[in-house]
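Trainee: Pasting in a structure now, in structure tokens, and then I'll have a few things to ask.
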There are 4 protein chains.
Amino acid sequence: MMGLNLHLFKTKSMIIPKEPVLSAEQLAQIIAIVTEYNCQIQTVAGHHRNVYAVLGEERSTEMVNRILGLDYIDRFDAVDSPFKLMDIKSELSNHKIILGNHILGNGSFVIAGHCTIDPKNPNLFIETAHAVKEAGAKAIRGGVWKPRTMPYSFQGDDASIKILMEARAQTGLPVDTEVMDEHQLRIAVEAGVDILQVGARNALNYSLLKNIGHLTQNKKIAVLLKRSMGMGPINEFIAAAEYIAAAGNPDIILCPRGTSPTMDGYRNYPDESITPLLKEKTWAPVIVDPCHSVGRAKYVPSAALAAMAYGADGVIIETHLDPQRGIGDDPKQSIKPAILKQLISDIEAIWEIKNRTVTA
Amino acid sequence: MMGLNLHLFKTKSMIIPKEPVLSAEQLAQIIAIVTEYNCQIQTVAGHHRNVYAVLGEERSTEMVNRILGLDYIDRFDAVDSPFKLMDIKSELSNHKIILGNHILGNGSFVIAGHCTIDPKNPNLFIETAHAVKEAGAKAIRGGVWKPRTMPYSFQGDDASIKILMEARAQTGLPVDTEVMDEHQLRIAVEAGVDILQVGARNALNYSLLKNIGHLTQNKKIAVLLKRSMGMGPINEFIAAAEYIAAAGNPDIILCPRGTSPTMDGYRNYPDESITPLLKEKTWAPVIVDPCHSVGRAKYVPSAALAAMAYGADGVIIETHLDPQRGIGDDPKQSIKPAILKQLISDIEAIWEIKNRTVTA
Amino acid sequence: MMGLNLHLFKTKSMIIPKEPVLSAEQLAQIIAIVTEYNCQIQTVAGHHRNVYAVLGEERSTEMVNRILGLDYIDRFDAVDSPFKLMDIKSELSNHKIILGNHILGNGSFVIAGHCTIDPKNPNLFIETAHAVKEAGAKAIRGGVWKPRTMPYSFQGDDASIKILMEARAQTGLPVDTEVMDEHQLRIAVEAGVDILQVGARNALNYSLLKNIGHLTQNKKIAVLLKRSMGMGPINEFIAAAEYIAAAGNPDIILCPRGTSPTMDGYRNYPDESITPLLKEKTWAPVIVDPCHSVGRAKYVPSAALAAMAYGADGVIIETHLDPQRGIGDDPKQSIKPAILKQLISDIEAIWEIKNRTVTA
Amino acid sequence: MMGLNLHLFKTKSMIIPKEPVLSAEQLAQIIAIVTEYNCQIQTVAGHHRNVYAVLGEERSTEMVNRILGLDYIDRFDAVDSPFKLMDIKSELSNHKIILGNHILGNGSFVIAGHCTIDPKNPNLFIETAHAVKEAGAKAIRGGVWKPRTMPYSFQGDDASIKILMEARAQTGLPVDTEVMDEHQLRIAVEAGVDILQVGARNALNYSLLKNIGHLTQNKKIAVLLKRSMGMGPINEFIAAAEYIAAAGNPDIILCPRGTSPTMDGYRNYPDESITPLLKEKTWAPVIVDPCHSVGRAKYVPSAALAAMAYGADGVIIETHLDPQRGIGDDPKQSIKPAILKQLISDIEAIWEIKNRTVTA
């Protein structure tokens with residue numbers, strides 16, 4: 001976006017073609033028009049159709065009329081929100097994210113697995129992957145890289161990506177891993193990871209978010225975006241998602257994971273309660289991370305159920321066959337597969353309650 | 001406690017008699033002994049038995065042996081906690097609070113009714129009382145007095161106590177009201193209120209807590225103690241309950257109600273997640289107030305279900321036949337009886353899930 | 001205010017007489033008028049003049065005109081703020097609080113002395129009183145009663161009021177003590193205490209605030225109101241002061257003292273930074289308590305200087321000849337008189353900087 | 001650090017040579033030794049000497065003795081802190097950072113200039129640069145890139161780096177700019193920027209921090225690291241600095257800039273009060289950013305003075321000749337050069353007070 005002075009951009013407009021996708025010729029024609037008005041076009045790719053955001057200083061009636069005059073254009077929509085794409089009333093409001101054979105929002109979705117893959121014990125992770133599948137999880141978490149408070153702690157290992165993909169091959173489930181920079185991002189995309197996780201520390205790292213949106217465009221890779229650590233405003237969270245969507249990938253899952261300052265006794269201050277507020281503003285599915293929120297295994301099931309009670313679409317649960325042999329956060333906050341199995345049964349029961357009720 | 005220099009008291013000890021209650025003569029004998037060692041006796045009355053806390057500068061072996069030598073004394077217990085009475089391992093660990101024909105902890109307990117009784121519309125409150133009973137509530141909330149941010153707002157009316165007691169008479173359900181000072185406390189106790197509520201603003205008003213404990217001793221009146229507003233430590237909350245118990249009434253219910261700073265979008269920052277932490281430390285039942293936590297009626301059911309998911313024993317729900325005609329907080333955060341009925345059904349379902357599971 | 005349905009009161013109006021005070025006859029005449037319109041009169045006594053707040057459901061033009069028609073009435077003012085009395089644009093905007101021979105706001109004002117008076121060591125307190133006077137303090141703090149987290153801690157002693165008043169007699173300086181209930185309030189007022197302190201735990205105890213305002217009316221007793229513990233809104237703090245003023249005593253000093261959650265390393269989260277925000281909204285002087293804010297003696301001087309840098313009118317500093325022999329909070333957060341002397345010199349220097357500068 | 005399993009590293013040890021720098025041959029010899037014990041060497045370059053951190057699973061006595069046996073080795077130090085390098089007791093405790101002709105810590109240091117350089121108005125920035133120099137600033141701030149909450153806001157412009165360097169050339173003062181990714185980092189380093197700023201959103205972006213430490217090693221470029229937004233623990237802040245130091249550049253300045261949740265009335269919750277806590281733990285200088293903390297120009301001078309009162313080594317102040325013509329945060333929180341001049345005079349006066357006093 002360099003080279004054009006965009007700093008006063010106020011418009012929030014999208015062009016919706018009649019067909020799912022503009023042809024290259026049609027797109028060039030539209031770009032030619034908006035350029036006359038100092039505007040730019042940003043293509044936003046969805047599973048079923050593309051929309052074309054107009055970035056520019058003002059909404060010229062003349063420009064709008066010229067675009068609406070093209071016979072392959074259906075609508076020119078103004079979005080009454082700072083969020084052109086993530087807003088619940090935006091063109092993407094019916095956008096669905098598909099992971100494996102599950103459509104997010106249709107029943108509860110549980111991601112489970114190790115916080116961090118131990119490259120010295122690949123079998124431990126593979127066994128956990130099978131166990132969480134058996135327990136009812138629908139995707140597998142495995143940290144290849146891991147942000148650590150201290151630079152001298154284990155930071156992960158590129159080689160673990162193979163272990164993660166082996167788990168995918170053996171179980172048939174989609175896999176999730178966190179990336180912190182372009183190097184890791186390219187490895188993960190190249191390997192075929194299904195869900196890229198952005199952690200709380202990078203939740204407002206806009207350069208990374210743009211990079212992810214750009215490099216995963218049209219690749220059917222979802223991005224699980226954690227909330228940043230402070231008790232910041234909700235719009236800041238959704239705006240971070242907007243960065244990814246504006247860069248080309250609208251398959252975004254929002255993930256509350258507890259905030260600081262901490263609740264005395266927990267690792268963070270649980271914030272699954274943000275779920276109904278998010279769902280009023282955005283169409284994006286919400287998957288809560290109770291493990292980082294409470295930070296100790298014994299509290300995880302209660303926090304997971306509370307997330308479902310607040311209307312979350314699922315949870316991500318650190319699970320380990322033998323937490324004490326885990327690395328990263330696993331020894332503190334991973335539960336065992338047997339606990340996970342019971343928990344998933346309870347989660348499904350709360351899902352049923354929430355989806356038969358009219359009260360929430 | 002004036003007149004004796006208690007400021008270095010470290011002992012945490014309790015005398016447990018063989019019979020449920022010491023006779024006056026026995027008590028006098030014990031007081032005579034401990035006084036020789038510069039200690040005092042505090043009687044703590046339970047439904048089934050009394051215990052006798054020893055307050056004093058040190059635990060003299062000689063004194064302990066003299067007391068244990070009395071044939072009517074069963075045990076002299078040291079409590080390994082700052083909380084002689086509220087600690088989960090204290091003598092009161094099996095203490096049960098009975099309200100109406102419900103033992104707290106046995107199934108979910110929902111208190112419902114107006115934030116504030118409008119003295120000009122007594123029938124509105126009576127009708128709500130019948131409606132919440134029909135919806136499944138087990139106790140009736142009705143604010144006779146109401147702390148208000150501004151001194152010029154309606155502060156309640158002594159006369160409303162009659163309306164509250166009329167609701168009790170007509171429905172047969174226990175009633176709950178908030179008191180802020182000794183004047184109100186005496187009126188409420190005199191009238192026969194079943195649950196005295198201490199609001200967040202007075203949650204650390206130790207003079208009031210002592211007064212309540214003293215004036216409700218042996219009167220089968222429960223005290224619902226709200227958590228104070230800041231994100232203060234858990235021990236501060238339990239210590240406030242200890243004030244009431246130490247003053248004579250252990251029938252205490254802990255009530256999280258959201259903390260400040262607020263979550264952007266809610267009235268406060270929801271804190272039902274404190275429930276498992278409280279239950280590890282104290283035997284006291286936990287009833288959550290989701291209405292003050294989220295502050296808007298549409299979010300109340302989700303927050304109430306989350307509280308149950310965290311293991312609460314019940315919730316207190318502002319309910320009003322016609323919230324827009326309500327006063328105090330009712331227009332913003334009261335739900336209607338039809339919503340309450342559905343909510344109670346969902347609450348009971350989550351109670352079942354939590355109490356069949358071993359995971360939480 | 002019971003017996004009249006005030007719950008919809010929205011008016012914020014004050015009657016200003018031509019003379020400083022209405023005669024009894026004049027006041028009766030005005031009460032007669034406003035009663036016809038379902039309103040009430042609240043007298044607010046200042047050092048130099050009284051104003052008369054009108055509490056009522058609406059501002060009837062007819063009523064206003066009748067009052068303005070009285071020849072002894074100067075103005076009928078509507079205040080554009082929820083704070084009739086505390087607002088910086090209210091009739092009291094030029095109200096000055098005098099303590100000893102100091103007008104608050106004219107130079108820095110330091111209150112110093114023990115957190116808690118030890119009734120077993122009265123001389124220790126008297127010696128500290130002389131030492132803080134010598135160090136430059138303008139008033140003496142001495143806790144007769146003390147709110148403590150645990151009910152088994154030393155709670156203070158009525159008898160200490162004599163020690164406090166002896167310090168006043170010997171030094172000639174005004175004295176400050178905290179009160180938590182009506183019993184203590186009456187003792188302190190009766191003894192002739194100059195500054196009544198309301199602690200953070202009772203900062204929103206409106207019954208106490210009303211009582212204080214009522215019982216100190218026209219007695220030239222100032223009220224030092226601490227901010228409540230949570231990170232609550234500024235208006236809540238000023239509204240609490242409004243309770244005292246509306247009950248009859250406008251000699252109110254606002255005292256930030258740190259909020260919870262704590263800053264990691266301090267007792268609370270320092271909040272002297274609220275000072276400029278308070279001073280924009282209210283005319284009340286601000287005296288900051290850095291000791292409870294940071295909670296450890298070694299950080300107190302820096303925090304005190306920061307408060308002055310933010311424009312505070314003074315600070316209240318726990319000072320003790322021998323902190324390790326102190327009770328209450330003294331061992332942790334009291335400084336020694338020699339440190340206080342240096343600190344007051346620095347405080348005065350920052351006062352000079354702030355009051356020659358145009359930048360703040 | 002990939003390829004070696006570092007996840008259990010607990011040692012905190014440093015090798016100090018007798019000469020300021022090990023020769024290549026000496027370093028190779030040491031690496032050969034530690035490799036036998038599964039350890040690694042990390043070179044940490046200072047202005048005056050290098051130290052060599054040992055990263056490894058345990059501290060083998062044999063290994064230590066072999067190293068101490070080398071005649072060019074002075075000491076093998078264990079650091080009693082998680083922070084090998086940033087700890088106040090580490091080998092770097094006397095490390096000094098020099099900017100222009102100023103040694104940080106010797107007198108106050110004020111950085112001033114635009115939040116964001118407007119590439120369409122280069123002269124405005126150059127004029128501001130001259131004006132802040134004249135006002136007494138010792139370095140010039142100019143945002144070439146700017147993280148913005150919304151992806152559609154102006155994000156900065158690579159071309160502005162030339163404007164920034166032109167200001168440096170004309171004024172002779174060191175210049176400061178924020179970088180968010182490797183692309184920007186390389187441009188800034190290549191251009192010769194003196195201070196690289198890491199903003200609050202990237203304060204825990206460890207990949208960026210490592211990259212910065214690596215690419216600025218031995219280049220006499222300082223890194224101004226802002227505190228992350230949440231009220232996180234102090235150690236997390238210092239640990240982030242440790243990432244930069246461990247990657248090779250110990251010229252790190254810590255910058256508190258306010259936390260979320262916000263203080264009602266400010267942009268953030270001011271946290272200059274963290275300064276004394278930082279200075280107890282680390283030798284790094286502290287420069288506070290009051291502009292982002294309070295977020296409105298009129299409060300900036302008071303907050304800047306409070307930072308100095310807490311013992312900060314300086315402040316960074318957004319300053320603009322005509323704030324209303326600014327972009328980014330300038331219209332809200334930039335002060336004018338005339339205000340800056342007065343402020344710097346006050347800052348210097350408080351510096352004098354703090355450095356003659358023994359109280360803080």
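Chain lettering (A, B, ...) mirrors the order of the structure tokens, residue numbering begins at 1 for each chain separately, and ligand numbering begins at 1 in order of display.
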On all C-alpha atoms matched in order, how well does chain D superpose onto chain C? Give the RMSD in Å.

Mentor: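 Across the paired C-alpha atoms, the RMSD reaches 0.1 Å.
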
Trainee: Within 9 Å of chain C, which residues of chain A are there when counting only C-alpha atoms? Please give them as a PyMOL selection string.

Mentor: chain A and resi 261-263

Trainee: Could you check how far atom CA of Thr171 of chain D sits from atom CA of Asn123 of chain D, in Å to one decimal?

Mentor: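 That distance, rounded to one decimal, is 13.6 Å.
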
Trainee: What's the 8 Å shell around Ile347 of chain B, counting only C-alpha atoms, without same-chain residues fewer than 2 positions away, as a PyMOL selection string?

Mentor: chain B and resi 108+304-305+308+343-345+349-351

Trainee: Could you pull out the strand (DSSP E or B) residues of segment 11-248 of chain B, going by DSSP on the backbone, and write them as a ChimeraX atom specification?

Mentor: /B:13-17,40-45,50-55,73-78,87,98-99,102-103,105,107,109-114,139-142,145,156,175-178,195-198,222-226

Trainee: Name the residues in contact with segment 313-329 of chain A at a cut-off of 8 Å, using only C-alpha atoms, excluding same-chain residues fewer than 2 positions from it; report them as a PyMOL selection string.

Mentor: (chain A and resi 104-105+107-118+124-125+127-128+131-132+141+146+154+285-291+304+307-308+311+331-337+340) or (chain D and resi 7)

Trainee: Atoms to include: C-alpha atoms. Write the selected residues as a PDB file, in the first residue's frame.

Mentor:
```pdb
ATOM      1  CA  LEU A 104     -17.367 -24.661  11.886  1.00  0.00           C
ATOM      2  CA  GLY A 105     -20.537 -23.700  13.695  1.00  0.00           C
ATOM      3  CA  GLY A 107     -21.758 -28.778  16.304  1.00  0.00           C
ATOM      4  CA  SER A 108     -18.850 -28.342  18.656  1.00  0.00           C
ATOM      5  CA  PHE A 109     -15.304 -28.496  17.362  1.00  0.00           C
ATOM      6  CA  VAL A 110     -12.475 -29.630  19.632  1.00  0.00           C
ATOM      7  CA  ILE A 111      -8.811 -29.272  18.722  1.00  0.00           C
ATOM      8  CA  ALA A 112      -6.488 -31.273  20.980  1.00  0.00           C
ATOM      9  CA  GLY A 113      -2.874 -32.278  21.240  1.00  0.00           C
ATOM     10  CA  HIS A 114       0.500 -31.236  22.561  1.00  0.00           C
ATOM     11  CA  CYS A 115       1.429 -27.673  23.357  1.00  0.00           C
ATOM     12  CA  THR A 116       4.842 -28.492  21.954  1.00  0.00           C
ATOM     13  CA  ILE A 117       6.077 -31.483  19.964  1.00  0.00           C
ATOM     14  CA  ASP A 118       9.199 -32.962  21.494  1.00  0.00           C
ATOM     15  CA  LEU A 124       4.731 -39.716  22.000  1.00  0.00           C
ATOM     16  CA  PHE A 125       3.064 -37.111  19.807  1.00  0.00           C
ATOM     17  CA  GLU A 127       0.282 -41.696  20.084  1.00  0.00           C
ATOM     18  CA  THR A 128      -1.369 -38.639  21.560  1.00  0.00           C
ATOM     19  CA  ALA A 131      -5.702 -40.919  21.435  1.00  0.00           C
ATOM     20  CA  VAL A 132      -7.306 -37.515  20.955  1.00  0.00           C
ATOM     21  CA  ARG A 141      -2.720 -29.426  17.799  1.00  0.00           C
ATOM     22  CA  LYS A 146       6.890 -22.183  20.675  1.00  0.00           C
ATOM     23  CA  PHE A 154      13.576 -24.493  24.013  1.00  0.00           C
ATOM     24  CA  PRO A 285     -16.318 -18.586  14.601  1.00  0.00           C
ATOM     25  CA  VAL A 286     -14.968 -18.526  18.147  1.00  0.00           C
ATOM     26  CA  ILE A 287     -12.837 -21.324  19.551  1.00  0.00           C
ATOM     27  CA  VAL A 288     -11.715 -20.739  23.130  1.00  0.00           C
ATOM     28  CA  ASP A 289      -8.380 -21.814  24.622  1.00  0.00           C
ATOM     29  CA  PRO A 290      -9.104 -22.628  28.284  1.00  0.00           C
ATOM     30  CA  CYS A 291      -5.636 -24.087  28.934  1.00  0.00           C
ATOM     31  CA  ALA A 304     -13.946 -25.392  28.621  1.00  0.00           C
ATOM     32  CA  ALA A 307     -16.743 -21.378  27.052  1.00  0.00           C
ATOM     33  CA  MET A 308     -19.393 -23.594  25.488  1.00  0.00           C
ATOM     34  CA  GLY A 311     -21.715 -19.937  22.963  1.00  0.00           C
ATOM     35  CA  PRO A 331       3.380 -30.483  32.242  1.00  0.00           C
ATOM     36  CA  LYS A 332       1.235 -27.767  33.806  1.00  0.00           C
ATOM     37  CA  GLN A 333      -1.820 -27.479  31.663  1.00  0.00           C
ATOM     38  CA  SER A 334      -2.292 -30.583  29.518  1.00  0.00           C
ATOM     39  CA  ILE A 335      -5.026 -33.034  30.380  1.00  0.00           C
ATOM     40  CA  LYS A 336      -4.951 -36.740  29.601  1.00  0.00           C
ATOM     41  CA  PRO A 337      -6.941 -38.322  26.761  1.00  0.00           C
ATOM     42  CA  LEU A 340     -10.615 -35.269  27.198  1.00  0.00           C
TER      43      LEU A 340
ATOM     44  CA  HIS D   7      14.595 -27.164  26.344  1.00  0.00           C
TER      45      HIS D   7
END
```

Trainee: Skip segment 40-55 of chain D itself and residues of its chain fewer than 4 positions away, then list as number ranges by chain all residues within 8 Å of it, counting only C-alpha atoms.

Mentor: A: 152; D: 9, 11-17, 19-22, 31, 34-35, 84, 91, 95-96, 217-218, 220, 245-251

Trainee: Atoms to include: C-alpha atoms. Write the selected residues as a PDB file, in the first residue's frame.

Mentor:
```
ATOM      1  CA  TYR A 152      17.335 -19.719  26.732  1.00  0.00           C
TER       2      TYR A 152
ATOM      3  CA  PHE D   9      18.694 -25.314  29.827  1.00  0.00           C
ATOM      4  CA  THR D  11      22.540 -22.676  33.459  1.00  0.00           C
ATOM      5  CA  LYS D  12      23.137 -18.977  33.616  1.00  0.00           C
ATOM      6  CA  SER D  13      26.843 -18.614  33.138  1.00  0.00           C
ATOM      7  CA  MET D  14      29.198 -16.244  31.417  1.00  0.00           C
ATOM      8  CA  ILE D  15      32.817 -16.417  30.422  1.00  0.00           C
ATOM      9  CA  ILE D  16      34.761 -13.184  30.918  1.00  0.00           C
ATOM     10  CA  PRO D  17      38.111 -13.003  29.080  1.00  0.00           C
ATOM     11  CA  GLU D  19      41.224  -8.971  27.159  1.00  0.00           C
ATOM     12  CA  PRO D  20      38.105  -7.144  25.921  1.00  0.00           C
ATOM     13  CA  VAL D  21      37.589  -9.589  23.069  1.00  0.00           C
ATOM     14  CA  LEU D  22      38.528 -13.211  22.439  1.00  0.00           C
ATOM     15  CA  ILE D  31      33.531 -23.679  21.582  1.00  0.00           C
ATOM     16  CA  VAL D  34      31.787 -26.612  25.647  1.00  0.00           C
ATOM     17  CA  THR D  35      30.577 -28.677  22.715  1.00  0.00           C
ATOM     18  CA  LYS D  84      22.159 -13.624  32.257  1.00  0.00           C
ATOM     19  CA  GLU D  91      28.671  -8.721  33.872  1.00  0.00           C
ATOM     20  CA  HIS D  95      27.372  -1.141  30.554  1.00  0.00           C
ATOM     21  CA  LYS D  96      26.721   2.357  29.250  1.00  0.00           C
ATOM     22  CA  GLN D 217      25.331  -6.335  16.642  1.00  0.00           C
ATOM     23  CA  ASN D 218      28.438  -4.148  16.843  1.00  0.00           C
ATOM     24  CA  LYS D 220      26.284   1.116  17.778  1.00  0.00           C
ATOM     25  CA  ALA D 245      20.908  -8.876  24.259  1.00  0.00           C
ATOM     26  CA  ALA D 246      21.317 -12.623  23.826  1.00  0.00           C
ATOM     27  CA  ALA D 247      21.164 -12.132  20.060  1.00  0.00           C
ATOM     28  CA  GLY D 248      24.078  -9.770  20.249  1.00  0.00           C
ATOM     29  CA  ASN D 249      23.136  -6.186  21.103  1.00  0.00           C
ATOM     30  CA  PRO D 250      23.058  -5.063  24.734  1.00  0.00           C
ATOM     31  CA  ASP D 251      22.344  -1.390  23.946  1.00  0.00           C
TER      32      ASP D 251
END
```

Trainee: For Glu236 of chain D, which residue among D:Gln155, D:Ile140, D:Tyr206, D:Leu70 is the nearest when counting only C-alpha atoms?

Mentor: D:Tyr206

Trainee: Would you pick out the contacts of Lys281 of chain A at 10 Å or less, using only C-alpha atoms, so that residues sharing its chain but fewer than 4 positions from it are not included, and give the list as a list in words?

Mentor: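 After dropping sequence-adjacent residues, the list is Ser81, Phe83, Met86, Asp87, Ile88, Lys89, Ile234, Asn235, Ile238, Pro276 and Leu277 of chain A.
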
Trainee: Would you put the residues from that selection into a file with N, CA and C atoms, as a PDB file, in the first residue's frame?

Mentor:
```
ATOM      1  N   SER A  81     -19.472  -0.082   9.335  1.00  0.00           N
ATOM      2  CA  SER A  81     -18.601  -0.652  10.367  1.00  0.00           C
ATOM      3  C   SER A  81     -17.180  -0.337   9.970  1.00  0.00           C
ATOM      4  N   PHE A  83     -15.119  -2.527  10.006  1.00  0.00           N
ATOM      5  CA  PHE A  83     -14.652  -3.822   9.505  1.00  0.00           C
ATOM      6  C   PHE A  83     -15.354  -4.152   8.201  1.00  0.00           C
ATOM      7  N   MET A  86     -14.824  -8.380   8.269  1.00  0.00           N
ATOM      8  CA  MET A  86     -15.120  -9.208   9.431  1.00  0.00           C
ATOM      9  C   MET A  86     -16.470  -8.859  10.056  1.00  0.00           C
ATOM     10  N   ASP A  87     -17.051  -7.740   9.674  1.00  0.00           N
ATOM     11  CA  ASP A  87     -18.308  -7.325  10.290  1.00  0.00           C
ATOM     12  C   ASP A  87     -19.417  -8.351  10.025  1.00  0.00           C
ATOM     13  N   ILE A  88     -20.260  -8.509  11.014  1.00  0.00           N
ATOM     14  CA  ILE A  88     -21.334  -9.506  10.885  1.00  0.00           C
ATOM     15  C   ILE A  88     -22.313  -9.134   9.777  1.00  0.00           C
ATOM     16  N   LYS A  89     -22.310  -7.862   9.405  1.00  0.00           N
ATOM     17  CA  LYS A  89     -23.207  -7.451   8.322  1.00  0.00           C
ATOM     18  C   LYS A  89     -22.470  -7.306   6.991  1.00  0.00           C
ATOM     19  N   ILE A 234     -12.464  -4.898  22.299  1.00  0.00           N
ATOM     20  CA  ILE A 234     -12.898  -5.940  21.370  1.00  0.00           C
ATOM     21  C   ILE A 234     -12.585  -5.553  19.937  1.00  0.00           C
ATOM     22  N   ASN A 235     -12.769  -4.299  19.596  1.00  0.00           N
ATOM     23  CA  ASN A 235     -12.533  -3.897  18.213  1.00  0.00           C
ATOM     24  C   ASN A 235     -11.088  -4.099  17.790  1.00  0.00           C
ATOM     25  N   ILE A 238     -10.912  -7.715  16.639  1.00  0.00           N
ATOM     26  CA  ILE A 238     -11.526  -7.941  15.322  1.00  0.00           C
ATOM     27  C   ILE A 238     -10.718  -7.238  14.233  1.00  0.00           C
ATOM     28  N   PRO A 276     -20.007 -13.870  23.501  1.00  0.00           N
ATOM     29  CA  PRO A 276     -21.237 -13.267  22.966  1.00  0.00           C
ATOM     30  C   PRO A 276     -20.997 -11.873  22.367  1.00  0.00           C
ATOM     31  N   LEU A 277     -20.034 -11.146  22.903  1.00  0.00           N
ATOM     32  CA  LEU A 277     -19.745  -9.812  22.368  1.00  0.00           C
ATOM     33  C   LEU A 277     -19.123  -9.930  20.979  1.00  0.00           C
TER      34      LEU A 277
END
```

Trainee: Any chance you could list, as number ranges by chain, the residues in segment 244-309 of chain B that come up helix (DSSP H, G or I) when DSSP is run on the backbone?

Mentor: B: 244-246, 272-281, 290-294, 297-309
